[in-house]
file start28.tsv (TSV, C-alpha atoms and all ligand atoms)
chain	number	residue	atom	x	y	z
A	1437	MET	CA	90.49	103.81	84.86
A	1438	PRO	CA	93.22	101.48	86.17
A	1439	ILE	CA	94.84	102.19	89.53
A	1440	THR	CA	98.00	104.20	88.85
A	1441	SER	CA	101.05	104.97	90.97
A	1442	SER	CA	99.63	108.31	92.14
A	1443	ASP	CA	96.54	106.55	93.55
A	1444	TYR	CA	98.50	104.70	96.25
A	1445	ARG	CA	98.39	106.36	99.65
A	1446	LEU	CA	100.17	105.86	102.95
A	1447	PHE	CA	98.64	103.32	105.32
A	1448	GLY	CA	98.06	105.68	108.23
A	1449	ARG	CA	101.36	106.91	109.60
A	1450	THR	CA	103.24	103.80	108.43
A	1451	GLY	CA	105.52	104.06	105.41
A	1452	VAL	CA	103.52	101.49	103.42
A	1453	LYS	CA	101.69	102.55	100.25
A	1454	VAL	CA	98.30	100.92	99.66
A	1455	SER	CA	95.73	100.93	96.87
A	1456	PRO	CA	92.50	102.96	97.11
A	1457	LEU	CA	90.52	99.68	97.34
A	1458	THR	CA	91.21	96.63	99.48
A	1459	LEU	CA	90.08	93.17	98.40
A	1460	GLY	CA	88.03	91.48	101.13
A	1461	CYS	CA	88.29	87.69	101.08
A	1462	MET	CA	85.27	86.84	103.26
A	1463	MET	CA	83.29	85.22	100.43
A	1464	PHE	CA	86.15	82.88	99.49
A	1465	GLY	CA	85.30	79.43	100.79
A	1466	ARG	CA	81.87	80.63	101.93
A	1467	ARG	CA	80.01	81.53	98.74
A	1468	THR	CA	82.86	81.50	96.19
A	1469	GLU	CA	84.67	78.30	95.22
A	1470	LEU	CA	88.47	77.99	95.04
A	1471	GLU	CA	88.97	78.50	91.30
A	1472	ASP	CA	86.74	81.61	91.20
A	1473	SER	CA	88.45	82.95	94.33
A	1474	VAL	CA	91.84	82.54	92.64
A	1475	ARG	CA	90.57	84.33	89.51
A	1476	ILE	CA	89.17	87.24	91.59
A	1477	ILE	CA	92.44	87.63	93.53
A	1478	ASP	CA	94.52	87.51	90.32
A	1479	ARG	CA	92.34	90.11	88.60
A	1480	ALA	CA	92.39	92.39	91.65
A	1481	LEU	CA	96.19	92.28	91.83
A	1482	ASP	CA	96.48	92.84	88.08
A	1483	ALA	CA	94.22	95.90	88.46
A	1484	GLY	CA	96.60	97.34	91.06
A	1485	ILE	CA	94.90	96.36	94.33
A	1486	ASN	CA	97.68	95.49	96.78
A	1487	VAL	CA	95.82	94.88	100.06
A	1488	LEU	CA	94.02	91.60	100.84
A	1489	ASP	CA	91.87	91.33	103.97
A	1490	THR	CA	90.91	87.96	105.45
A	1491	SER	CA	90.32	86.49	108.93
A	1492	ASN	CA	90.96	83.23	110.71
A	1493	SER	CA	87.19	83.07	111.31
A	1494	TYR	CA	86.05	83.38	107.68
A	1495	SER	CA	84.71	79.87	107.08
A	1496	ARG	CA	86.97	78.80	109.97
A	1497	GLY	CA	90.20	79.06	108.03
A	1498	VAL	CA	89.02	78.25	104.51
A	1499	SER	CA	89.21	81.88	103.31
A	1500	GLU	CA	92.84	82.02	104.49
A	1501	GLN	CA	93.55	78.69	102.77
A	1502	PHE	CA	92.09	79.90	99.46
A	1503	THR	CA	93.92	83.23	99.73
A	1504	GLY	CA	97.21	81.45	100.49
A	1505	GLU	CA	96.67	79.07	97.58
A	1506	ALA	CA	96.04	81.95	95.16
A	1507	LEU	CA	99.19	83.78	96.30
A	1508	LYS	CA	101.24	80.60	95.99
A	1509	ARG	CA	99.99	80.00	92.46
A	1510	ASN	CA	100.52	83.57	91.21
A	1511	GLY	CA	103.81	84.08	93.09
A	1512	LYS	CA	102.81	87.61	94.13
A	1513	ARG	CA	102.85	87.26	97.92
A	1514	ASP	CA	105.66	89.81	98.26
A	1515	ARG	CA	103.66	92.51	96.45
A	1516	VAL	CA	100.67	92.13	98.74
A	1517	PHE	CA	99.93	93.84	102.05
A	1518	LEU	CA	98.29	90.80	103.64
A	1519	ALA	CA	95.88	91.33	106.53
A	1520	SER	CA	94.18	88.82	108.79
A	1521	LYS	CA	92.35	88.87	112.11
A	1522	VAL	CA	91.75	87.03	115.36
A	1523	HIS	CA	88.91	86.99	117.91
A	1524	PHE	CA	85.91	84.91	116.77
A	1525	PRO	CA	85.51	81.27	117.92
A	1526	MET	CA	87.48	78.61	116.04
A	1527	ASP	CA	86.23	75.57	118.03
A	1528	ASP	CA	82.83	75.62	119.72
A	1529	ALA	CA	83.88	72.90	122.19
A	1530	ASP	CA	86.87	74.87	123.53
A	1531	PRO	CA	86.20	78.04	125.57
A	1532	ASN	CA	89.77	79.18	124.96
A	1533	ALA	CA	89.66	78.85	121.17
A	1534	GLN	CA	88.39	82.41	120.82
A	1535	GLY	CA	88.98	85.93	122.08
A	1536	VAL	CA	92.09	88.03	122.52
A	1537	SER	CA	94.08	86.28	125.24
A	1538	ARG	CA	97.83	85.92	124.67
A	1539	ARG	CA	97.25	82.15	124.42
A	1540	HIS	CA	94.71	82.36	121.62
A	1541	ILE	CA	96.39	85.21	119.71
A	1542	VAL	CA	99.73	83.41	119.50
A	1543	ALA	CA	98.15	80.07	118.59
A	1544	GLN	CA	96.00	81.62	115.87
A	1545	ALA	CA	98.80	83.73	114.42
A	1546	GLU	CA	100.77	80.51	113.88
A	1547	ALA	CA	97.70	78.80	112.38
A	1548	SER	CA	96.98	81.75	110.05
A	1549	LEU	CA	100.59	81.75	108.79
A	1550	LYS	CA	100.26	78.05	107.93
A	1551	ARG	CA	96.91	78.46	106.17
A	1552	LEU	CA	98.18	81.48	104.23
A	1553	GLN	CA	101.47	79.69	103.39
A	1554	THR	CA	103.55	82.67	104.44
A	1555	ASP	CA	106.09	83.49	107.15
A	1556	HIS	CA	104.57	86.84	108.14
A	1557	LEU	CA	101.35	88.84	108.15
A	1558	ASP	CA	101.57	92.47	107.10
A	1559	LEU	CA	98.66	93.45	109.31
A	1560	TYR	CA	97.21	91.47	112.22
A	1561	GLN	CA	93.91	92.84	113.46
A	1562	ILE	CA	91.89	92.33	116.64
A	1563	HIS	CA	88.50	91.52	115.09
A	1564	ARG	CA	86.42	92.90	118.00
A	1565	PRO	CA	87.12	94.66	121.29
A	1566	HIS	CA	86.91	92.27	124.21
A	1567	PRO	CA	85.87	93.81	127.53
A	1568	GLU	CA	86.97	90.75	129.58
A	1569	VAL	CA	90.62	90.93	128.53
A	1570	ALA	CA	92.83	93.83	129.61
A	1571	ILE	CA	94.18	95.62	126.56
A	1572	ASP	CA	97.78	95.27	127.83
A	1573	GLU	CA	97.62	91.44	127.60
A	1574	THR	CA	96.50	91.73	123.98
A	1575	LEU	CA	99.06	94.40	123.13
A	1576	ARG	CA	101.97	92.50	124.69
A	1577	ALA	CA	101.10	89.35	122.71
A	1578	LEU	CA	100.87	91.38	119.48
A	1579	ASP	CA	104.12	93.19	120.27
A	1580	ASP	CA	105.90	89.85	120.73
A	1581	LEU	CA	104.63	88.73	117.31
A	1582	VAL	CA	105.96	91.92	115.73
A	1583	ARG	CA	109.35	91.54	117.44
A	1584	ALA	CA	109.50	87.88	116.33
A	1585	GLY	CA	109.03	89.00	112.71
A	1586	LYS	CA	105.72	87.18	112.30
A	1587	VAL	CA	103.64	90.34	112.04
A	1588	ARG	CA	104.63	93.71	110.55
A	1589	TYR	CA	101.81	95.95	111.86
A	1590	ILE	CA	98.85	95.60	114.18
A	1591	GLY	CA	95.33	97.00	113.89
A	1592	THR	CA	91.80	96.87	115.27
A	1593	THR	CA	88.37	96.33	113.85
A	1594	THR	CA	85.04	97.66	115.06
A	1595	PHE	CA	86.55	99.41	118.07
A	1596	ALA	CA	84.99	102.54	119.56
A	1597	GLY	CA	87.02	105.72	119.40
A	1598	TRP	CA	87.71	105.58	123.15
A	1599	GLN	CA	88.90	101.97	122.88
A	1600	VAL	CA	91.39	102.93	120.18
A	1601	VAL	CA	92.67	105.80	122.31
A	1602	GLU	CA	92.92	103.55	125.39
A	1603	ALA	CA	95.04	101.11	123.36
A	1604	LEU	CA	97.29	103.88	122.01
A	1605	TRP	CA	97.75	105.20	125.53
A	1606	ALA	CA	98.63	101.70	126.86
A	1607	SER	CA	101.13	101.13	124.03
A	1608	GLU	CA	102.84	104.40	124.77
A	1609	LYS	CA	102.98	103.75	128.50
A	1610	LEU	CA	104.31	100.20	128.06
A	1611	HIS	CA	106.62	101.01	125.11
A	1612	LEU	CA	104.85	98.52	122.81
A	1613	ASN	CA	104.09	98.64	119.10
A	1614	ARG	CA	100.83	100.53	118.61
A	1615	PHE	CA	97.79	99.94	116.45
A	1616	VAL	CA	98.17	101.57	113.05
A	1617	SER	CA	94.68	101.02	111.63
A	1618	GLU	CA	91.00	100.54	112.41
A	1619	GLN	CA	88.47	98.62	110.29
A	1620	PRO	CA	84.90	99.83	110.98
A	1621	PRO	CA	81.54	99.35	109.23
A	1622	TYR	CA	80.85	102.42	107.07
A	1623	ASN	CA	78.41	102.96	104.24
A	1624	LEU	CA	75.44	105.05	103.17
A	1625	LEU	CA	73.21	103.24	105.67
A	1626	ASP	CA	75.57	103.76	108.60
A	1627	ARG	CA	77.62	106.95	109.03
A	1628	ARG	CA	78.14	106.67	112.80
A	1629	ILE	CA	81.94	106.54	112.63
A	1630	GLU	CA	81.92	110.15	111.44
A	1631	ARG	CA	80.98	111.23	114.97
A	1632	GLU	CA	84.11	110.14	116.80
A	1633	LEU	CA	86.10	107.30	115.24
A	1634	ILE	CA	87.19	109.19	112.12
A	1635	PRO	CA	88.25	112.25	114.13
A	1636	VAL	CA	90.23	109.89	116.42
A	1637	ALA	CA	91.89	108.23	113.42
A	1638	ARG	CA	92.73	111.55	111.79
A	1639	THR	CA	94.11	112.96	115.04
A	1640	TYR	CA	96.33	109.95	115.79
A	1641	GLY	CA	97.27	108.97	112.23
A	1642	LEU	CA	95.45	105.64	111.94
A	1643	ALA	CA	94.52	104.15	108.58
A	1644	VAL	CA	90.75	103.53	108.23
A	1645	ILE	CA	89.71	100.59	106.04
A	1646	PRO	CA	85.91	100.33	106.18
A	1647	TRP	CA	84.02	97.07	105.83
A	1648	SER	CA	80.67	96.52	104.06
A	1649	PRO	CA	80.85	99.65	101.89
A	1650	LEU	CA	77.73	98.37	100.06
A	1651	GLY	CA	75.88	97.40	103.24
A	1652	GLY	CA	76.41	93.74	102.31
A	1653	GLY	CA	74.77	94.38	98.91
A	1654	LEU	CA	71.77	96.49	99.99
A	1655	LEU	CA	73.37	99.48	98.31
A	1656	THR	CA	73.51	97.89	94.87
A	1657	GLY	CA	69.95	98.50	93.72
A	1658	LYS	CA	69.15	94.80	93.48
A	1659	TYR	CA	66.88	94.72	96.54
A	1660	GLN	CA	63.45	96.37	96.32
A	1661	ARG	CA	60.96	97.35	99.00
A	1662	ASP	CA	58.34	94.65	99.76
A	1663	THR	CA	59.86	92.35	97.13
A	1664	ALA	CA	61.59	89.01	97.67
A	1665	ALA	CA	65.40	89.21	97.50
A	1666	PRO	CA	66.84	87.82	94.24
A	1667	ALA	CA	67.70	84.12	94.46
A	1668	GLY	CA	71.36	83.51	95.26
A	1669	SER	CA	71.91	86.96	96.79
A	1670	ARG	CA	73.38	87.32	100.31
A	1671	TYR	CA	70.03	88.25	101.84
A	1672	ALA	CA	67.92	85.74	99.92
A	1673	ASP	CA	67.29	83.66	103.04
A	1674	PRO	CA	64.57	85.23	105.17
A	1675	GLY	CA	65.79	85.28	108.76
A	1676	PRO	CA	66.83	87.59	111.58
A	1677	VAL	CA	69.69	89.20	109.61
A	1678	GLN	CA	67.46	89.95	106.65
A	1679	ALA	CA	64.70	91.23	108.95
A	1680	LYS	CA	67.12	93.73	110.55
A	1681	ARG	CA	68.12	95.12	107.18
A	1682	PHE	CA	64.93	94.95	105.10
A	1683	THR	CA	63.13	97.73	106.94
A	1684	LYS	CA	61.08	100.72	105.81
A	1685	THR	CA	63.83	103.06	107.00
A	1686	SER	CA	66.48	101.21	104.92
A	1687	PHE	CA	64.44	101.57	101.76
A	1688	ASP	CA	63.61	105.20	102.58
A	1689	VAL	CA	67.36	105.80	102.18
A	1690	ILE	CA	68.06	103.33	99.36
A	1691	GLU	CA	65.34	104.63	97.01
A	1692	PRO	CA	66.44	108.30	96.77
A	1693	LEU	CA	70.08	107.13	96.50
A	1694	ASN	CA	69.04	104.92	93.61
A	1695	ALA	CA	67.37	107.93	91.95
A	1696	LEU	CA	70.55	110.00	92.36
A	1697	ALA	CA	72.67	107.19	90.88
A	1698	ALA	CA	70.30	106.93	87.89
A	1699	GLU	CA	70.55	110.71	87.30
A	1700	LYS	CA	74.35	110.42	87.34
A	1701	GLY	CA	74.19	107.44	84.98
A	1702	VAL	CA	76.01	105.04	87.32
A	1703	PRO	CA	74.82	101.97	89.22
A	1704	LEU	CA	74.05	102.52	92.91
A	1705	SER	CA	76.83	100.03	93.75
A	1706	GLN	CA	79.43	102.34	92.17
A	1707	LEU	CA	77.98	105.50	93.68
A	1708	ALA	CA	77.90	103.93	97.17
A	1709	LEU	CA	81.46	102.58	96.98
A	1710	ALA	CA	82.87	105.78	95.46
A	1711	TRP	CA	81.24	107.83	98.22
A	1712	VAL	CA	82.97	105.77	100.95
A	1713	ALA	CA	86.31	105.80	99.10
A	1714	ARG	CA	86.25	109.59	98.77
A	1715	ARG	CA	85.26	110.48	102.33
A	1716	PRO	CA	87.84	112.42	104.38
A	1717	GLY	CA	89.89	110.12	106.61
A	1718	ILE	CA	89.19	106.96	104.62
A	1719	THR	CA	92.26	105.04	103.46
A	1720	SER	CA	90.88	102.09	101.43
A	1721	PRO	CA	87.36	100.60	101.60
A	1722	ILE	CA	87.23	96.81	101.65
A	1723	ILE	CA	85.21	95.40	98.77
A	1724	GLY	CA	83.65	91.95	99.11
A	1725	PRO	CA	83.02	90.59	95.61
A	1726	ARG	CA	81.46	87.14	95.34
A	1727	THR	CA	82.02	87.06	91.55
A	1728	LEU	CA	84.45	88.46	89.01
A	1729	ASP	CA	81.70	90.72	87.58
A	1730	GLN	CA	81.19	92.29	91.01
A	1731	LEU	CA	84.93	92.98	91.21
A	1732	GLU	CA	84.84	94.68	87.77
A	1733	ASP	CA	81.92	96.80	88.95
A	1734	ALA	CA	83.85	97.84	92.06
A	1735	LEU	CA	86.91	98.82	90.01
A	1736	ARG	CA	84.73	101.10	87.87
A	1737	ALA	CA	83.62	102.95	91.02
A	1738	LEU	CA	87.04	104.60	91.12
A	1739	ASP	CA	85.90	106.73	88.15
A	1740	VAL	CA	82.82	108.13	89.90
A	1741	THR	CA	83.09	111.73	91.11
A	1742	PHE	CA	80.69	113.93	93.09
A	1743	THR	CA	79.62	117.54	92.70
A	1744	ALA	CA	78.98	119.67	95.77
A	1745	GLU	CA	75.26	119.39	94.96
A	1746	ASP	CA	75.51	115.54	94.88
A	1747	LEU	CA	77.11	115.56	98.32
A	1748	ARG	CA	74.49	117.97	99.67
A	1749	ARG	CA	71.71	115.68	98.42
A	1750	ILE	CA	73.38	112.63	99.97
A	1751	ASP	CA	73.64	114.47	103.31
A	1752	GLU	CA	69.94	115.25	103.07
A	1753	ILE	CA	69.09	111.57	102.45
A	1754	ILE	CA	71.37	110.23	105.21
A	1755	PRO	CA	72.79	113.04	107.35
A	1756	PRO	CA	76.38	113.07	108.66
A	1757	GLY	CA	76.76	110.70	111.63
A	1758	ALA	CA	73.32	109.10	111.07
A	1759	HIS	CA	72.47	105.45	110.59
A	1760	VAL	CA	69.51	103.30	109.71
A	1761	ALA	CA	68.60	101.18	112.74
A	1762	PRO	CA	68.51	98.34	113.52
A	1763	PHE	CA	71.28	97.27	111.20
A	1764	TYR	CA	74.44	95.51	112.30
A	1765	GLU	CA	74.99	92.36	114.29
A	1766	ALA	CA	78.11	94.16	115.54
A	1767	ASP	CA	75.74	96.24	117.67
A	1768	HIS	CA	75.23	93.82	120.52
A	1769	GLY	CA	76.02	93.31	124.20
A	1770	PRO	CA	78.80	95.55	125.46
A	1771	SER	CA	79.26	96.95	121.96
A	1772	LEU	CA	75.68	98.16	121.68
A	1773	HIS	CA	76.42	101.85	122.03
A	1774	ARG	CA	79.88	101.76	120.53
A	1775	TRP	CA	79.38	104.84	118.39
B	1801	LIG	N1	85.89	93.52	110.36
B	1801	LIG	C1	84.67	93.03	110.26
B	1801	LIG	O1	83.99	92.76	111.25
B	1801	LIG	C2	84.13	92.76	108.89
B	1801	LIG	C3	82.76	92.45	108.71
B	1801	LIG	C4	82.30	92.21	107.42
B	1801	LIG	C5	83.20	92.29	106.35
B	1801	LIG	N2	84.51	92.56	106.56
B	1801	LIG	C6	85.48	92.67	105.45
B	1801	LIG	O2	84.96	93.56	104.49
B	1801	LIG	C7	84.83	92.90	103.24
B	1801	LIG	C8	83.63	93.44	102.52
B	1801	LIG	O3	82.45	93.23	103.30
B	1801	LIG	P1	81.09	92.93	102.59
B	1801	LIG	O4	81.22	91.69	101.76
B	1801	LIG	O5	80.02	92.97	103.61
B	1801	LIG	O6	81.03	94.20	101.61
B	1801	LIG	P2	79.88	94.87	100.75
B	1801	LIG	O7	80.58	95.53	99.63
B	1801	LIG	O8	79.02	95.70	101.62
B	1801	LIG	O9	78.97	93.66	100.21
B	1801	LIG	C9	79.47	92.78	99.24
B	1801	LIG	C10	78.34	91.96	98.69
B	1801	LIG	O10	77.44	92.77	97.93
B	1801	LIG	C11	77.02	92.05	96.79
B	1801	LIG	N3	77.52	92.78	95.61
B	1801	LIG	C12	78.76	93.31	95.43
B	1801	LIG	N4	78.84	93.95	94.24
B	1801	LIG	C13	77.64	93.81	93.66
B	1801	LIG	C14	77.10	94.27	92.43
B	1801	LIG	N5	77.83	94.97	91.57
B	1801	LIG	N6	75.81	93.96	92.14
B	1801	LIG	C15	75.07	93.25	93.01
B	1801	LIG	N7	75.52	92.79	94.18
B	1801	LIG	C16	76.80	93.08	94.52
B	1801	LIG	C17	77.62	90.65	96.88
B	1801	LIG	O11	76.72	89.81	97.59
B	1801	LIG	P3	75.74	88.75	96.84
B	1801	LIG	O12	75.98	88.81	95.38
B	1801	LIG	O13	76.09	87.45	97.41
B	1801	LIG	O14	74.37	89.21	97.22
B	1801	LIG	C18	78.85	90.91	97.72
B	1801	LIG	O15	79.35	89.77	98.37
B	1801	LIG	C19	84.82	91.41	103.58
B	1801	LIG	O16	85.29	90.60	102.50
B	1801	LIG	C20	85.76	91.35	104.74
B	1801	LIG	O17	87.11	91.32	104.29
B	1801	LIG	C21	84.98	92.81	107.82

call {"tool": "encode", "arguments": {"input": "start28.tsv", "output": "structure tokens"}}
result
Amino acid sequence: MPITSSDYRLFGRTGVKVSPLTLGCMMFGRRTELEDSVRIIDRALDAGINVLDTSNSYSRGVSEQFTGEALKRNGKRDRVFLASKVHFPMDDADPNAQGVSRRHIVAQAEASLKRLQTDHLDLYQIHRPHPEVAIDETLRALDDLVRAGKVRYIGTTTFAGWQVVEALWASEKLHLNRFVSEQPPYNLLDRRIERELIPVARTYGLAVIPWSPLGGGLLTGKYQRDTAAPAGSRYADPGPVQAKRFTKTSFDVIEPLNALAAEKGVPLSQLALAWVARRPGITSPIIGPRTLDQLEDALRALDVTFTAEDLRRIDEIIPPGAHVAPFYEADHGPSLHRW
């Protein structure tokens, strides 16, 4: 079913209407070449997706370059709600080429605009909370970018509920533009944001655009317990990331979900994405297709519906607020007990 006008929803308490899926651009320039990236972006826009999510850090600017090139070629920049991010290191030799200082935020906003070949970002997100930098320094820099017309809205990603509330409180006190969205990890292997972040977002009117709705591909059915990952897949290289995800507890969740998907006659990838998209408080999950076929699969997820019995079974497999540990690299250092 194509995305129709009634499927667009407000982006939090802003007046902007967004599609029920967001196209994540993280693979572009990393595992997807330019021409395929352009084809995926064109197809997504044709299908009605109107939000693109990239970051300065995705392949150190290459994802933004590919995204900008695609929008230049198709001439559809003005129809897109274009989101990027700042925080992760851009130059290993420079201790200031990272983080959320005013200096780095302003420099990277200018660099992102150049790479994306545009004069403004629709959404500029702080990629991670940064305990060393006071939130008011970050908020004042972002507010200046909004007032200068370079950024329309500001958001966060992978913040704890209390960090979002602290930022909203600081914005109100200092009369600055406030965050309008949060981008957290959320999928059928990690439901922790249901405990506090989603209630925070619903209370204060933030849009929630979850990343990794398929757990990076684990929730597609292509990975099997005690079996080598398929060649060319994201987790094909054995290493610390794979070891954290390929655990007994992951497969104890994946296998019964796979059985439920088979009973419903849909691939696990569609069931998993549809579940995130239909959860209360979720605005628009961010899909991360590496290929055009994966994008087509994601679009078909919009047709998947759930009975009350399906949802009860899912809650039995992975209860509300639960997660399979250890899972995310986001869970480190000061962020360890974020949720
Ligand atoms: N804010 C943050 O910190 C953060 C972090 C991560 C991502 N993100 C954003 O969220 C977006 C999505 O994240 P993600 O890529 O991790 O999402 P995801 O949906 O969990 O994983 C996508 C990956 O799953 C595999 N896949 C997708 N559809 C498939 C299918 N039908 N059959 C088999 N495999 C399939 C592909 O990997 P392979 O085919 O290569 O195996 C694909 O790249 C990113 O593009 C980015 O914009 C944000």

call {"tool": "residues_near_ligand", "arguments": {"input": "start28.tsv", "ligand": "ligand LIG 1801 (chain B)", "cutoff": "6 Å", "atoms": "only C-alpha atoms and all ligand atoms", "output": "PyMOL selection string"}}
result
chain A and resi 1460-1462+1489-1490+1563+1593+1619+1647-1653+1656+1669-1670+1705+1722-1726+1730+1733

call {"tool": "atom_distance", "arguments": {"input": "start28.tsv", "atom1": "CA of Ile1439 (chain A)", "atom2": "CA of Leu1735 (chain A)"}}
result
8.6 Å

call {"tool": "residues_around", "arguments": {"input": "start28.tsv", "residues": "region 1446-1457 of chain A", "least_positions_apart": "3", "cutoff": "7 Å", "atoms": "all atoms listed in the file", "output": "PyMOL selection string"}}
result
chain A and resi 1443+1484-1487+1616-1617+1641-1643+1719-1723

call {"tool": "write_last_selection", "arguments": {"input": "start28.tsv", "atoms": "C-alpha atoms", "output": "PDB file, in the coordinates of the input"}}
result
ATOM      1  CA  ASP A1443      96.540 106.550  93.550  1.00  0.00           C
ATOM      2  CA  GLY A1484      96.600  97.340  91.060  1.00  0.00           C
ATOM      3  CA  ILE A1485      94.900  96.360  94.330  1.00  0.00           C
ATOM      4  CA  ASN A1486      97.680  95.490  96.780  1.00  0.00           C
ATOM      5  CA  VAL A1487      95.820  94.880 100.060  1.00  0.00           C
ATOM      6  CA  VAL A1616      98.170 101.570 113.050  1.00  0.00           C
ATOM      7  CA  SER A1617      94.680 101.020 111.630  1.00  0.00           C
ATOM      8  CA  GLY A1641      97.270 108.970 112.230  1.00  0.00           C
ATOM      9  CA  LEU A1642      95.450 105.640 111.940  1.00  0.00           C
ATOM     10  CA  ALA A1643      94.520 104.150 108.580  1.00  0.00           C
ATOM     11  CA  THR A1719      92.260 105.040 103.460  1.00  0.00           C
ATOM     12  CA  SER A1720      90.880 102.090 101.430  1.00  0.00           C
ATOM     13  CA  PRO A1721      87.360 100.600 101.600  1.00  0.00           C
ATOM     14  CA  ILE A1722      87.230  96.810 101.650  1.00  0.00           C
ATOM     15  CA  ILE A1723      85.210  95.400  98.770  1.00  0.00           C
TER      16      ILE A1723
END

call {"tool": "atom_distance", "arguments": {"input": "start28.tsv", "atom1": "CA of Arg1445 (chain A)", "atom2": "CA of Gly1591 (chain A)"}}
result
17.3 Å

call {"tool": "residues_around", "arguments": {"input": "start28.tsv", "residues": "region 1624-1639 of chain A", "least_positions_apart": "2", "cutoff": "10 Å", "atoms": "only C-alpha atoms", "output": "number ranges by chain"}}
result
A: 1448, 1594-1601, 1616-1618, 1620-1622, 1641-1644, 1646, 1648-1651, 1654-1655, 1681, 1685-1687, 1689-1690, 1693, 1707-1709, 1711-1712, 1715-1718, 1750-1751, 1753-1761, 1763-1764, 1774-1775

call {"tool": "atom_distance", "arguments": {"input": "start28.tsv", "atom1": "CA of Thr1683 (chain A)", "atom2": "CA of Thr1663 (chain A)"}}
result
11.7 Å

call {"tool": "closest_residue", "arguments": {"input": "start28.tsv", "among": "A:Gly1585, A:Gly1511, A:Gly1535, A:Gly1701", "to": "Glu1568 (chain A)", "atoms": "all atoms listed in the file"}}
result
A:Gly1535

call {"tool": "closest_residue", "arguments": {"input": "start28.tsv", "among": "A:Ala1529, A:Val1677, A:Arg1551, A:Phe1615", "to": "Leu1578 (chain A)", "atoms": "all atoms listed in the file"}}
result
A:Phe1615

call {"tool": "closest_residue", "arguments": {"input": "start28.tsv", "among": "A:Ile1476, A:Leu1459, A:Ala1698, A:Ala1744", "to": "Gly1657 (chain A)", "atoms": "all atoms listed in the file"}}
result
A:Ala1698

call {"tool": "residues_around", "arguments": {"input": "start28.tsv", "residues": "Phe1742 (chain A)", "least_positions_apart": "2", "cutoff": "12 Å", "atoms": "only C-alpha atoms", "output": "PyMOL selection string"}}
result
chain A and resi 1696-1697+1700+1702+1706-1708+1710-1715+1737-1740+1744-1750

call {"tool": "residues_around", "arguments": {"input": "start28.tsv", "residues": "Thr1554 (chain A)", "least_positions_apart": "5", "cutoff": "10 Å", "atoms": "only C-alpha atoms", "output": "MDAnalysis selection string"}}
result
chainID A and resid 1504 1507:1508 1513:1514 1518 1548:1549 1586

call {"tool": "build_atoms", "arguments": {"input": "start28.tsv", "residues": "region 1518-1527 of chain A", "atoms": "N, CA, C and O atoms", "output": "PDB file, in the frame of the given file"}}
result
ATOM      1  N   LEU A1518      99.217  91.884 103.291  1.00  0.00           N
ATOM      2  CA  LEU A1518      98.290  90.800 103.640  1.00  0.00           C
ATOM      3  C   LEU A1518      97.799  90.961 105.078  1.00  0.00           C
ATOM      4  O   LEU A1518      98.606  90.978 106.011  1.00  0.00           O
ATOM      5  N   ALA A1519      96.467  91.065 105.207  1.00  0.00           N
ATOM      6  CA  ALA A1519      95.880  91.330 106.530  1.00  0.00           C
ATOM      7  C   ALA A1519      94.999  90.169 106.962  1.00  0.00           C
ATOM      8  O   ALA A1519      94.223  89.632 106.169  1.00  0.00           O
ATOM      9  N   SER A1520      95.118  89.787 108.240  1.00  0.00           N
ATOM     10  CA  SER A1520      94.180  88.820 108.790  1.00  0.00           C
ATOM     11  C   SER A1520      93.743  89.285 110.185  1.00  0.00           C
ATOM     12  O   SER A1520      94.090  90.394 110.610  1.00  0.00           O
ATOM     13  N   LYS A1521      92.959  88.438 110.844  1.00  0.00           N
ATOM     14  CA  LYS A1521      92.350  88.870 112.110  1.00  0.00           C
ATOM     15  C   LYS A1521      92.228  87.703 113.071  1.00  0.00           C
ATOM     16  O   LYS A1521      92.288  86.543 112.657  1.00  0.00           O
ATOM     17  N   VAL A1522      91.975  88.041 114.333  1.00  0.00           N
ATOM     18  CA  VAL A1522      91.750  87.030 115.360  1.00  0.00           C
ATOM     19  C   VAL A1522      90.692  87.550 116.318  1.00  0.00           C
ATOM     20  O   VAL A1522      90.618  88.753 116.566  1.00  0.00           O
ATOM     21  N   HIS A1523      89.871  86.690 116.837  1.00  0.00           N
ATOM     22  CA  HIS A1523      88.910  86.990 117.910  1.00  0.00           C
ATOM     23  C   HIS A1523      87.768  85.957 117.921  1.00  0.00           C
ATOM     24  O   HIS A1523      87.464  85.381 118.955  1.00  0.00           O
ATOM     25  N   PHE A1524      87.130  85.726 116.766  1.00  0.00           N
ATOM     26  CA  PHE A1524      85.910  84.910 116.770  1.00  0.00           C
ATOM     27  C   PHE A1524      86.241  83.424 117.002  1.00  0.00           C
ATOM     28  O   PHE A1524      87.354  82.978 116.710  1.00  0.00           O
ATOM     29  N   PRO A1525      85.243  82.658 117.533  1.00  0.00           N
ATOM     30  CA  PRO A1525      85.510  81.270 117.920  1.00  0.00           C
ATOM     31  C   PRO A1525      85.982  80.397 116.741  1.00  0.00           C
ATOM     32  O   PRO A1525      85.463  80.501 115.640  1.00  0.00           O
ATOM     33  N   MET A1526      86.970  79.542 117.045  1.00  0.00           N
ATOM     34  CA  MET A1526      87.480  78.610 116.040  1.00  0.00           C
ATOM     35  C   MET A1526      87.106  77.166 116.376  1.00  0.00           C
ATOM     36  O   MET A1526      87.287  76.270 115.559  1.00  0.00           O
ATOM     37  N   ASP A1527      86.615  76.924 117.621  1.00  0.00           N
ATOM     38  CA  ASP A1527      86.230  75.570 118.030  1.00  0.00           C
ATOM     39  C   ASP A1527      85.178  75.724 119.130  1.00  0.00           C
ATOM     40  O   ASP A1527      85.498  76.165 120.236  1.00  0.00           O
TER      41      ASP A1527
END
